Amino acid sequence: MKIVVMEPIHEEGIKILENYAKVSQINVDTPLKRIIEEIRDADAIISRGFIKISREIIYSAEKLKVIGVHGVGVDHIDLEAAREKGIEILNTPAALTETVAEYTLGLIISLLRKINLADEAVRMGRWNEKYSKLVGEDVEGKVIGIIGLGRIGSAVARMLSCLKTKIIYYDVERKKEIEEEFSLEYVDLDELLRRADIITIHVPLTKETYHLISKSEIEKMKNGVYLINTSRGAVIDEEALIDALRNGKIAGAALDVFETEPIDSENPLLNMENVILTPHIAASSRQALIRMAREVAIKVIEKLEERKFK
């Protein structure tokens, strides 16, 4: 068997794969022509989401049976083409749940307490800014709105329940057991937008969630709301977000994902002090990378060999 790893994964995953198959690894900057040549005889592909797995790529892989996703999101894959060819897609949601939730909590606290600006002020010798622009906001007492109460959203709710906050959530499916466990209140999206002081987004990117937060949704929000996104960039209309950050409707945003990745060097977000930007690393702890690499490797081998991994 041949397995093509399309982006770097932890060596523990590679070692598992090499026990069962020939493994070929591709760099993220590999030209499309070279990718197509490499996967033509591949039984499986393992992807982390940066390289788009297009219809052209899928149909050029004559033996392809499975696409393993090192992570959760599958919006980088042409799902229709994969279905047409009977290719199974396997991802690793459990491996990164706690890691992304921890990162989300870190972004919330960093954003409200202006930790990124405080770090810069110390390094630049602007110590006296502690009396003015570095004065932040407590998380305590805030209404926090969670959009999407899946694995990660639920973990965020659990972590936030330790703080003295009011947590409301919106999901397409009501989660009564989680509500009771963490004292959450279920509301519709419009009510969440109106009431929340802090909004954190945890939904997959689909046709239904594309630009879920656009100009009309932002207009419904409180003045001075804070927005956190560790899901997918295109869930938010970036132009509408930039306008709201400029006019103060949104007091601050913490973004780990963007509509275009890597972010364009001319993007106005890069010059905004009320924004924290990170390069899609919410799941990138050492422990999570090992878990994801091992899990995706095992799932791919199990599928190809049609047996449980030992």
# chains A, B, ... in the order shown; residues from 1 in each chain; ligands from 1

$ residues_around --residues "Gly136 in chain A" --least-positions-apart "6" --cutoff "8 Å" --atoms "only C-alpha atoms" --output "list in words"
Leu112, Arg113 and Lys114 of chain A

$ select_by_dssp --residues "range 8-256 of chain A" --states "alpha helix (DSSP H)" --output "VMD selection string"
chain A and resid 11 to 18 32 to 39 55 to 60 79 to 84 97 to 113 115 to 123 151 to 160 176 to 182 189 to 195 215 to 220 238 to 247

$ atom_distance --atom1 "CA of Gly73 in chain A" --atom2 "CA of Pro204 in chain A"
6.5 Å

$ closest_residue --among "A:Val187, A:Phe50, A:Gly71, A:Ala155" --to "Pro279 in chain A" --atoms "only C-alpha atoms"
A:Phe50

$ select_by_dssp --residues "range 73-221 of chain A" --states "strand (DSSP E or B)" --output "ChimeraX atom specification"
/A:77,88-90,143-147,166-170,185-186,198-201,213

$ closest_atom_pairs --of "range 81-194 of chain A" --to "range 213-225 of chain A" --cutoff "9 Å" --atoms "only C-alpha atoms" --output "tab-separated table"
residue	atom	partner	partner_atom	distance
A:Leu189	CA	A:Glu217	CA	9.0
A:Asp190	CA	A:Lys220	CA	7.2
A:Glu191	CA	A:Lys220	CA	8.7
A:Leu192	CA	A:Met221	CA	8.3
A:Leu193	CA	A:Met221	CA	4.8
A:Arg194	CA	A:Met221	CA	4.8

$ residues_around --residues "range 156-168 of chain A" --least-positions-apart "4" --cutoff "12 Å" --atoms "only C-alpha atoms" --output "NGL selection string"
:A and (97-109 or 138-152 or 174-175 or 178-202 or 228 or 230)

$ residues_around --residues "Asn116 in chain A" --least-positions-apart "5" --cutoff "8 Å" --atoms "only C-alpha atoms" --output "list of chain:residue names"
A:Ser110, A:Leu111, A:Ile276

$ decode --residues "range 195-213 of chain A" --atoms "C-alpha atoms" --output "PDB file, in the first residue's frame"
ATOM      1  CA  ARG A 195     -27.412  39.663  24.751  1.00  0.00           C
ATOM      2  CA  ALA A 196     -23.810  38.443  24.628  1.00  0.00           C
ATOM      3  CA  ASP A 197     -20.862  40.556  25.782  1.00  0.00           C
ATOM      4  CA  ILE A 198     -18.470  37.939  24.374  1.00  0.00           C
ATOM      5  CA  ILE A 199     -19.248  35.665  21.417  1.00  0.00           C
ATOM      6  CA  THR A 200     -17.169  32.598  20.609  1.00  0.00           C
ATOM      7  CA  ILE A 201     -17.783  30.543  17.460  1.00  0.00           C
ATOM      8  CA  HIS A 202     -17.457  26.746  17.202  1.00  0.00           C
ATOM      9  CA  VAL A 203     -19.191  25.565  14.028  1.00  0.00           C
ATOM     10  CA  PRO A 204     -17.961  23.766  10.897  1.00  0.00           C
ATOM     11  CA  LEU A 205     -17.839  25.619   7.600  1.00  0.00           C
ATOM     12  CA  THR A 206     -20.796  24.562   5.455  1.00  0.00           C
ATOM     13  CA  LYS A 207     -23.118  26.241   2.970  1.00  0.00           C
ATOM     14  CA  GLU A 208     -25.350  27.103   5.927  1.00  0.00           C
ATOM     15  CA  THR A 209     -22.583  28.607   8.094  1.00  0.00           C
ATOM     16  CA  TYR A 210     -20.749  30.548   5.379  1.00  0.00           C
ATOM     17  CA  HIS A 211     -20.825  34.209   6.542  1.00  0.00           C
ATOM     18  CA  LEU A 212     -23.041  33.198   9.443  1.00  0.00           C
ATOM     19  CA  ILE A 213     -21.806  36.413  11.023  1.00  0.00           C
TER      20      ILE A 213
END
